[in-house]
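**Q** Structure file input.txt (compact mmCIF, C-alpha atoms) right here:
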# COMPACT_ATOMS: atom_id res chain seq x y z
CA MET A 1 0.00 0.00 0.00
CA PRO A 2 1.56 3.35 -0.99
CA GLU A 3 2.72 5.08 2.18
CA GLY A 4 1.64 8.60 1.27
CA ALA A 5 -2.01 7.68 0.84
CA LYS A 6 -1.96 5.36 3.82
CA SER A 7 -0.45 7.99 6.11
CA GLU A 8 -3.23 10.39 5.21
CA ALA A 9 -5.83 7.70 5.82
CA ALA A 10 -4.41 6.87 9.24
CA LYS A 11 -4.24 10.42 10.57
CA SER A 12 -7.75 10.27 11.91
CA GLY A 13 -10.47 7.74 12.38
CA GLU A 14 -13.13 10.44 12.11
CA GLY A 15 -15.60 10.07 9.29
CA GLY A 16 -16.33 6.89 7.39
CA THR A 17 -13.79 4.84 5.50
CA ALA A 18 -16.32 3.80 2.85
CA SER A 19 -16.58 7.34 1.47
CA ARG A 20 -12.82 7.42 0.95
CA LEU A 21 -12.99 4.53 -1.51
CA THR A 22 -14.27 6.97 -4.15
CA ASP A 23 -12.21 9.97 -2.97
CA PRO A 24 -9.49 10.82 -5.56
CA ARG A 25 -7.03 11.54 -2.74
CA TYR A 26 -7.10 7.85 -1.80
CA LYS A 27 -7.08 6.43 -5.32
CA ALA A 28 -3.83 4.52 -4.71
CA ILE A 29 -5.40 2.50 -1.87
CA SER A 30 -9.00 2.35 -3.07
CA ARG A 31 -8.70 -1.11 -4.58
CA PRO A 32 -8.12 -4.39 -2.74
CA SER A 33 -4.72 -6.05 -2.91
CA ARG A 34 -4.72 -8.33 -5.95
CA ASP A 35 -2.35 -10.82 -4.36
CA ALA A 36 -4.21 -10.94 -1.04
CA VAL A 37 -7.48 -11.65 -2.84
CA ALA A 38 -5.93 -14.33 -5.06
CA LEU A 39 -4.22 -16.11 -2.17
CA LEU A 40 -7.36 -16.14 -0.03
CA ARG A 41 -9.44 -17.47 -2.91
CA LYS A 42 -6.98 -20.31 -3.34
CA LEU A 43 -6.93 -21.01 0.39
CA LEU A 44 -10.73 -21.16 0.56
CA ARG A 45 -10.72 -24.18 -1.75
CA ARG A 46 -9.10 -26.27 0.96
CA ARG A 47 -10.14 -24.35 4.09
CA PRO A 48 -13.72 -23.06 3.74
CA ALA A 49 -13.78 -21.30 7.14
CA PRO A 50 -10.28 -19.88 7.64
CA ILE A 51 -8.99 -17.57 10.34
CA VAL A 52 -7.69 -14.51 8.47
CA ALA A 53 -5.70 -11.49 9.70
CA GLU A 54 -5.07 -8.13 8.06
CA ILE A 55 -2.44 -5.95 9.71
CA GLY A 56 -2.81 -2.33 8.64
CA VAL A 57 -6.24 -1.72 7.10
CA GLY A 58 -5.82 1.67 5.40
CA ILE A 59 -9.31 2.73 4.25
CA GLY A 60 -10.60 -0.84 4.26
CA ALA A 61 -10.56 -1.65 0.54
CA THR A 62 -8.86 -5.01 1.03
CA THR A 63 -10.73 -5.60 4.30
CA ARG A 64 -14.09 -5.40 2.59
CA GLU A 65 -13.05 -7.80 -0.16
CA LEU A 66 -11.65 -10.29 2.34
CA ALA A 67 -14.93 -10.13 4.27
CA ARG A 68 -16.89 -10.67 1.06
CA LEU A 69 -14.79 -13.69 0.14
CA LEU A 70 -15.19 -15.21 3.59
CA ASN A 71 -18.96 -14.79 3.20
CA HIS A 72 -19.63 -14.92 6.96
CA ALA A 73 -17.45 -18.01 7.44
CA GLY A 74 -14.34 -18.12 9.63
CA GLU A 75 -13.00 -14.97 11.25
CA LEU A 76 -11.36 -11.75 10.05
CA HIS A 77 -8.90 -10.33 12.59
CA LEU A 78 -7.93 -6.68 12.07
CA PHE A 79 -4.91 -4.87 13.54
CA ASP A 80 -4.64 -1.08 13.41
CA TYR A 81 -5.26 2.11 15.40
CA ALA A 82 -8.22 1.87 17.77
CA ASP A 83 -10.14 4.77 16.18
CA VAL A 84 -9.60 3.43 12.66
CA LEU A 85 -10.84 -0.02 13.63
CA ALA A 86 -13.87 1.33 15.51
CA THR A 87 -15.05 3.12 12.37
CA LEU A 88 -14.31 0.23 10.03
CA LEU A 89 -15.95 -2.43 12.20
CA THR A 90 -19.10 -0.34 12.46
CA GLU A 91 -19.26 -0.09 8.68
CA LEU A 92 -18.61 -3.82 8.27
CA GLU A 93 -21.42 -4.63 10.68
CA GLN A 94 -23.76 -2.23 8.89
CA ALA A 95 -22.94 -4.08 5.65
CA GLY A 96 -23.81 -7.38 7.32
CA TRP A 97 -20.29 -8.67 7.97
CA ARG A 98 -20.15 -9.64 11.64
CA ASN A 99 -17.18 -12.00 11.80
CA ALA A 100 -14.49 -9.32 12.25
CA VAL A 101 -12.36 -9.23 15.41
CA ALA A 102 -10.52 -6.02 16.36
CA HIS A 103 -7.00 -5.90 17.81
CA PRO A 104 -6.60 -2.15 18.42
CA ASN A 105 -3.58 -0.18 19.50
CA GLY A 106 -3.02 3.46 20.38
CA ARG A 107 -0.88 6.06 18.64
CA LYS A 108 2.18 6.18 20.88
CA ILE A 109 5.45 5.81 18.97
CA PHE A 110 6.29 2.32 20.22
CA GLU A 111 2.73 1.06 20.60
CA SER A 112 1.83 -1.03 17.57
CA TYR A 113 0.45 -4.26 16.16
CA SER A 114 3.76 -6.01 16.87
CA TRP A 115 2.98 -5.80 20.60
CA SER A 116 -0.56 -7.09 20.00
CA LEU A 117 0.87 -10.01 18.03
CA ALA A 118 3.35 -10.78 20.82
CA GLN A 119 0.51 -10.98 23.33
CA LEU A 120 -1.46 -13.21 20.96
CA LEU A 121 1.57 -15.48 20.55
CA ARG A 122 2.03 -15.66 24.32
CA GLY A 123 -1.57 -16.79 24.72
CA MET A 124 -1.13 -19.35 21.96
CA ARG A 125 1.95 -20.81 23.65
CA GLN A 126 0.16 -21.01 26.98
CA SER A 127 -2.80 -22.83 25.42
CA GLY A 128 -0.62 -25.32 23.57
CA GLN A 129 -1.97 -24.38 20.13
CA ASP A 130 0.05 -24.82 16.96
CA GLY A 131 -0.85 -21.65 15.10
CA VAL A 132 -3.84 -19.32 14.99
CA PHE A 133 -4.14 -17.91 11.47
CA ASP A 134 -4.66 -19.56 8.09
CA PHE A 135 -3.88 -16.38 6.12
CA VAL A 136 -2.16 -13.15 7.15
CA TYR A 137 -1.77 -9.98 5.09
CA LEU A 138 0.89 -7.72 6.63
CA ASP A 139 0.61 -4.17 5.27
CA GLY A 140 1.72 -2.09 8.22
CA ALA A 141 4.41 0.51 8.81
CA HIS A 142 7.00 -1.10 6.47
CA SER A 143 9.68 -0.20 9.03
CA TRP A 144 12.11 -2.55 10.76
CA GLY A 145 11.10 -1.47 14.26
CA HIS A 146 7.48 -2.53 13.77
CA ASP A 147 7.54 -5.16 11.05
CA ALA A 148 10.59 -7.22 12.07
CA PRO A 149 9.08 -8.26 15.44
CA ALA A 150 5.69 -8.62 13.74
CA ALA A 151 7.09 -11.00 11.14
CA LEU A 152 8.92 -13.05 13.76
CA ALA A 153 5.70 -13.41 15.76
CA LEU A 154 3.61 -14.21 12.71
CA VAL A 155 5.56 -17.29 11.62
CA PRO A 156 4.57 -19.38 14.67
CA LEU A 157 1.11 -17.77 14.62
CA LEU A 158 0.53 -19.36 11.20
CA ARG A 159 -1.18 -22.71 11.27
CA PRO A 160 0.59 -25.47 9.31
CA GLY A 161 -0.28 -24.78 5.67
CA GLY A 162 -1.11 -21.15 6.47
CA VAL A 163 0.03 -18.30 4.23
CA LEU A 164 1.79 -15.01 5.06
CA LEU A 165 1.76 -12.15 2.54
CA LEU A 166 3.93 -9.06 3.08
CA ASP A 167 3.18 -5.87 1.15
CA ASP A 168 5.50 -3.06 0.00
CA HIS A 169 8.55 -5.28 -0.31
CA ARG A 170 10.53 -2.55 -2.06
CA TRP A 171 9.18 0.52 -0.20
CA THR A 172 11.70 2.96 1.31
CA PHE A 173 11.50 6.13 3.39
CA ALA A 174 13.48 7.90 0.66
CA GLN A 175 10.77 7.22 -1.93
CA SER A 176 7.80 7.86 0.36
CA PRO A 177 5.75 10.93 -0.64
CA SER A 178 4.93 11.68 2.99
CA LEU A 179 7.89 10.33 5.01
CA ASN A 180 10.94 11.23 2.92
CA PRO A 181 13.35 13.47 4.88
CA GLU A 182 12.62 16.60 2.82
CA ARG A 183 8.88 16.32 3.40
CA HIS A 184 9.14 14.92 6.92
CA PRO A 185 12.33 16.13 8.73
CA PRO A 186 11.88 13.80 11.77
CA THR A 187 12.74 10.88 9.46
CA ALA A 188 16.32 12.14 9.17
CA ALA A 189 16.52 12.51 12.95
CA GLN A 190 15.15 9.03 13.63
CA TYR A 191 16.86 6.95 10.93
CA SER A 192 20.35 6.67 9.45
CA GLN A 193 20.85 7.35 5.75
CA GLU A 194 21.26 3.62 5.20
CA GLN A 195 17.93 2.97 6.89
CA ILE A 196 16.26 5.68 4.82
CA VAL A 197 17.30 4.20 1.46
CA THR A 198 16.99 0.49 2.36
CA PRO A 199 13.68 -1.36 1.82
CA HIS A 200 12.93 -2.60 5.34
CA VAL A 201 10.42 -5.30 4.32
CA ALA A 202 12.90 -6.71 1.81
CA LEU A 203 15.55 -6.85 4.54
CA ILE A 204 13.15 -8.65 6.88
CA CYS A 205 12.47 -11.24 4.19
CA GLU A 206 16.15 -11.61 3.37
CA VAL A 207 17.50 -12.09 6.88
CA PHE A 208 14.58 -13.90 8.53
CA LEU A 209 11.87 -15.38 6.35
CA ASP A 210 13.88 -16.58 3.35
CA HIS A 211 15.98 -18.77 5.66
CA ASP A 212 13.27 -20.02 7.98
CA ARG A 213 12.93 -23.78 7.51
CA ARG A 214 9.29 -23.64 8.57
CA LEU A 215 8.44 -21.54 5.51
CA LYS A 216 8.22 -22.17 1.79
CA PRO A 217 8.32 -19.10 -0.49
CA LEU A 218 5.33 -18.85 -2.83
CA PRO A 219 5.49 -17.42 -6.36
CA LEU A 220 3.53 -14.24 -7.09
CA PRO A 221 2.83 -12.55 -10.43
CA PRO A 222 5.66 -10.15 -11.38
CA PRO A 223 4.95 -6.40 -11.08
CA ALA A 224 3.75 -4.67 -14.23
CA ASP A 225 6.67 -2.23 -14.18
CA GLY A 226 9.24 -5.04 -14.40
CA GLY A 227 10.92 -3.91 -11.18
CA PRO A 228 11.66 -5.77 -7.95
CA PRO A 229 8.79 -7.65 -6.26
CA LEU A 230 6.05 -5.54 -4.71
CA ARG A 231 5.09 -8.28 -2.24
CA ARG A 232 6.41 -11.58 -0.89
CA ALA A 233 4.43 -14.63 0.18
CA TYR A 234 5.27 -17.71 2.24
CA ARG A 235 3.45 -20.86 3.30
CA ARG A 236 4.17 -22.55 6.60
CA ARG A 237 5.23 -26.11 5.92
CA GLU A 238 3.28 -28.96 7.48
CA ARG A 239 6.64 -30.06 8.86
CA ALA A 240 9.77 -27.90 9.08
CA LEU A 241 12.83 -28.93 7.08
CA PRO A 242 15.62 -30.56 9.11
CA GLY A 243 18.13 -28.23 10.73
CA PRO A 244 18.00 -25.03 12.78
CA ILE A 245 14.66 -23.23 12.38
CA GLY A 246 16.20 -19.91 11.42
CA GLY A 247 19.37 -21.08 9.70
CA GLY A 248 20.49 -22.43 6.38
CA THR A 249 18.93 -21.90 2.98
CA THR A 250 15.28 -22.67 2.38
CA PRO A 251 14.84 -24.52 -0.93
Can you dump the structure from the file as structure tokens?
**A**
Amino acid sequence: MPEGAKSEAAKSGEGGTASRLTDPRYKAISRPSRDAVALLRKLLRRRPAPIVAEIGVGIGATTRELARLLNHAGELHLFDYADVLATLLTELEQAGWRNAVAHPNGRKIFESYSWSLAQLLRGMRQSGQDGVFDFVYLDGAHSWGHDAPAALALVPLLRPGGVLLLDDHRWTFAQSPSLNPERHPPTAAQYSQEQIVTPHVALICEVFLDHDRRLKPLPLPPPADGGPPLRRAYRRRERALPGPIGGGTTP
């Protein structure tokens, strides 16, 4: 999800999200994620009532399509700011979709979905479960500080055979319309130049997920512009490959 449009959408939960779907200012995020929709459709063929999570809802374009595809079956867990989720859940319920579960967080700098996921993982460990979600779409802050711990928590939170999709694989602060240092000076104060020009999601995939023996990378359609991947997807194996969980090369 393009960061400029998403940042504007997240500034306030006031007003409805549905009206923003036709607002030209939010054109870049007004359509559901093609890959998220395709992966959930495929999953539904073998799991008709899956437990789905979307982390970072924007204006709810993908959320609404995921709810439509679930068609009242399973559960749709949503992670975002409390005010954003309150508005979106009300609209989903008014549209007849009542299987959404909110995991809200506040707007403090270090308060985010990664903490919510850690608490969920703790509860899972205590209950003896082997995974919670069948499909997860991670489209959050795209920064190491939030998405690295989120990704590490999400791998064990996937059920065997579950799928994890990460958006904005090649996004950087330098290219962000709203968070580049010239537009947003605090970025330069909070991040090194290397961190500003490096795609954080790509780094997370490279150093963690690509080498996790519990995961199998899934192919996605190439981007239309012929550039690096826009998203990455992984399926949790029914049984991890032999060797250290986080070491070695995943075939």
**Q** Ranking A:Arg122, A:Arg232, A:Arg183, A:Arg47 by minimum distance to Arg170 (chain A) and counting only C-alpha atoms, which one comes first?
**A** A:Arg232
**Q** Between A:Leu117, A:Val163, A:Val84, A:Ile204, which one has atoms that come closest to His142 (chain A), using all atoms listed in the file?
**A**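 For His142 (chain A), the nearest of the given residues is A:Ile204.
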**Q** How many Å lie between CA of Ala49 (chain A) and CA of Glu75 (chain A), rounded to one decimal?
**A**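 That distance, rounded to one decimal, is 7.6 Å.
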**Q** Using all atoms listed in the file, which residue out of A:Arg231, A:Lys108, A:Arg239, A:His77 lies closest to Ala36 (chain A)?
**A**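 Nearest candidate to Ala36 (chain A) out of A:Arg231, A:Lys108, A:Arg239, A:His77: A:Arg231.
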**Q** Of the candidates A:Ser116, A:Arg159, A:Asp167, A:Pro186, which one gets nearest to Asp139 (chain A) if we count all atoms listed in the file?
**A** A:Asp167
**Q** Let me make sure I understand: among A:Pro217, A:Gly56, A:Pro32, A:Gly96, which one has the smallest atom-to-atom distance to Cys205 (chain A) if we use all atoms listed in the file?
**A** A:Pro217
**Q** With distances taken over all atoms listed in the file, which residue among A:Leu220, A:Ile109, A:Val132, A:Leu85 lies nearest Ala53 (chain A)?
**A**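 For Ala53 (chain A), the nearest of the candidates is A:Val132.
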**Q** Applying 12 Å and only C-alpha atoms, which residues near Glu111 (chain A) remain after dropping the ones on its own chain fewer than 2 positions away? List them as JSON, numbers by chain.
**A** {"A": [79, 80, 81, 82, 104, 105, 106, 107, 108, 109, 113, 114, 115, 116, 117, 118, 141, 145, 146]}
**Q** May I ask for the distance between CA of Thr198 (chain A) and CA of Gly140 (chain A), given in Å to one decimal place?
**A**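 We find that CA of Thr198 (chain A) and CA of Gly140 (chain A) lie 16.6 Å from each other.
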**Q** For a test of reading the model, state the distance in Å between CA of Ala174 (chain A) and CA of Leu230 (chain A), rounded to one decimal.
**A**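 Atom-to-atom, CA of Ala174 (chain A) to CA of Leu230 (chain A), that is 16.3 Å.
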**Q** For Leu203 (chain A), work out the shell of residues within 9 Å, counting all atoms listed in the file and skipping chain neighbours fewer than 5 positions away, then give it as a list in words.
**A** Trp144, His169, Thr198 and Phe208 of chain A
**Q** Draw an axis-aligned box over all listed atoms of region 125-141 of chain A, pad each side with 4 Å, and write its centre and edge lengths in Å, one decimal, as JSON.
**A**
{"center_x": -0.1, "center_y": -12.4, "center_z": 16.0, "size_x": 17.1, "size_y": 33.8, "size_z": 29.9}
**Q** Would you kindly return, as a ChimeraX atom specification, each protein, DNA or RNA residue with an atom no farther than 8 Å from any atom of Gly131 (chain A), considering all atoms listed in the file and excluding same-chain residues fewer than 6 positions away?
**A** /A:124,156-160
**Q** Do you know which residues are at most 12 Å from Leu66 (chain A) counting only C-alpha atoms, after dropping those on the same chain fewer than 6 positions away, and could you put them as a ChimeraX atom specification?
**A** /A:31-41,43-44,50-54,57,60,72-78,92,97,99-100,135-137
**Q** Residues at most 9 Å from Leu241 (chain A), counting all atoms listed in the file, excluding those fewer than 6 positions away in the same chain, as a PyMOL selection string?
**A** chain A and resi 212-215+250
